[in-house]
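Here the structure comes first, spelled out in structure tokens, and everything after it is commentary.
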Amino acid sequence: MNNSKLETINYSLYYGNYRALKEINIKIPENKVTALIGPSGCGKSTFLRSFNRMNDLIAGVRTEGKVLIDGEDILKTDPVALRQNVGMVFQKPNPFPKSIFDNVAYGPRVTGLKDRQKLEEIVERSLRSAALWDEVKDNLGKSGLDLSGGQQQRLCIARALAVEPTVILMDEPAASLDPIATLKIEELIHELSVNYTIVIVTHNMQQAGRVSDYTAFFYTDETRTGQLVEFDDTKTIFTNPHDRRTEDYITGRFG
Amino acid sequence: MSARMIADKTVKYILFASAIISIIIVLAIGFFIFRESIEAWTELGVGEILFRTVWRPGQDQFGILAMIVGSVSVTFGAILLGVPLALGCAIFLAEIAPSAVQSVVRPAVQLLAGIPSVVYGLFGMVILVPLVRRINVPGNSGYGLLAASIVLAVMILPTIASVAEDAIRAVPENYRHGSLALGATKWQTITKVVLPAGKSGIIAGVILGVGRALGETMAMIMVIGNSVIVPKPLSGNPLTFFLSQARTLTGNIAVEINYATGVHESALFATGVVLFGLIMIVNASARSIIRGQKFIEKAN
């Protein structure tokens, strides 16, 4: 496996007294797509949010172990700076009630960039990278909310790219989209993986198979504590899994 | 028909009647005030009432422009002082305060709404007016727009704060998450995403505050001085405008109605009609803005 971009060491997460994630050890490789799969409630979305410290926003969350980015403990970084490096795309497209331009320019602006020309360059480049430029280039003043669901999600990806992160977290980014919009997002993920480390949570086995290089299978038993069962390259997970539970899940025997 | 069905029907009619009665009351009050004011409008003329500043009942001069300016000025002053305070409260309660702090601060702010107007007036007279009097400008009596604006700002605070807090809370959580995930700080998220998204609700709260300010009577009578003059700066410094005495539309009615007869009495009702109209316009615009906001939330 190549250089690991993200890593967790004996990482556990608690909501109050309830343990949601148990001792997770994983090394997520750089500039690859890693899919997190598993049944509902296995903690994969919670795990995803650990990488940009979005769980910090939930009262009562406590963690053990370490999360490293480029070998550095993320608890020692400033969450604001961390989130500029680790972008996120949410399950439900959430463009701001602002123009397309202002949505994409939002991230650079909060870091203090005011130069209009530079902002225009960033907006165009980000929208091109998110494969949305051709559809919106004549309507940058239009509200982001007026776009279709699939376009909104690509706008959110462009918005994340504008901050120039190295990692992009995606929490079921196509869950609320139709099949054609889903296909576009998947193609996009594939293209982006050249330059970005992408971690994607998905419920859709075929999607994990199509877009990811590596797959992590999470599972939970009756204790409702999520754990990492198996992590390997996607082909191995789908054709020759080592763990019986992975095989049962992949072949659709449960979940 | 069973007894249960009859009860159901009866309750329905009683509730319908209650709704109708409240409408009838509003219409009746409006009609009554207007009828009583007709004498003034016809005998003096609309222009003589609305656009003249001289109010001398003894000489049959009933221009209420000075009172219109007085009401608008003190409302403006109250908005200037009260809105930042109320917005600060609303943002603090909705976005920053932990729930334990909220459960103390929110009732305390709402308590302000329960204090009787005359008590505010008393506070203004005994505490604020002497303080304002210390500002050393010739002609400054302490009574006037400044003291009245401060009192009024506190009185409209709970209205604006609670409507604005609701508007801020109504902003979908995923906007906040979207902003924070892009590396915005909490404060940037509040000012650049949350407040713009809740803007129309916040404006509606301010307008409701304006409506309340225009209607306030007792506390105003007690601190504003009640001279029938168009307020103007006491010296070369334009800020001394707020040290000027004034009279509000509401105060005009309350101070004089006890001894007014004939055209004078009718002119006071005309004052009431103007006030009624102003407040209706203000409240209607607040409602239409709130409706617009609901519509936007649904579209999301």
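Here's how to read the names in the structure tokens: chain A, B, ... by the order shown, residue numbers from 1 in each chain, ligand numbers from 1 in the order shown.
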Exercise for the section: Show which residues sit within 7 Å of range 116-129 of chain A, as an MDAnalysis selection string. Count only C-alpha atoms, and ignore same-chain residues fewer than 2 positions away. Expected result: chainID A and resid 101 104:105 114 131:133 158 161:162
Up to 6 Å from chain B, what residues of chain A turn up? Count only C-alpha atoms and give them as a CSV table (one decimal) with N, CA and C atoms, in the first residue's frame.
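Result file out.csv:
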```
chain,number,residue,atom,x,y,z
A,80,VAL,N,-10.4,24.7,12.7
A,80,VAL,CA,-10.7,25.6,11.5
A,80,VAL,C,-9.7,25.3,10.4
A,83,ARG,N,-10.2,21.8,8.8
A,83,ARG,CA,-11.3,21.7,7.9
A,83,ARG,C,-11.0,22.4,6.6
A,84,GLN,N,-10.1,23.3,6.6
A,84,GLN,CA,-9.7,23.8,5.3
A,84,GLN,C,-8.9,22.8,4.5
A,107,GLY,N,-15.5,29.7,0.8
A,107,GLY,CA,-14.4,29.2,1.6
A,107,GLY,C,-13.2,30.1,1.4
A,110,VAL,N,-13.7,33.3,3.5
A,110,VAL,CA,-13.6,33.3,5.0
A,110,VAL,C,-12.1,33.2,5.4
```
Restricting to only C-alpha atoms, whichever of B:Ile229, B:Ala254, B:Ala100, B:Leu87 is closest to Ala161 in chain B is B:Leu87
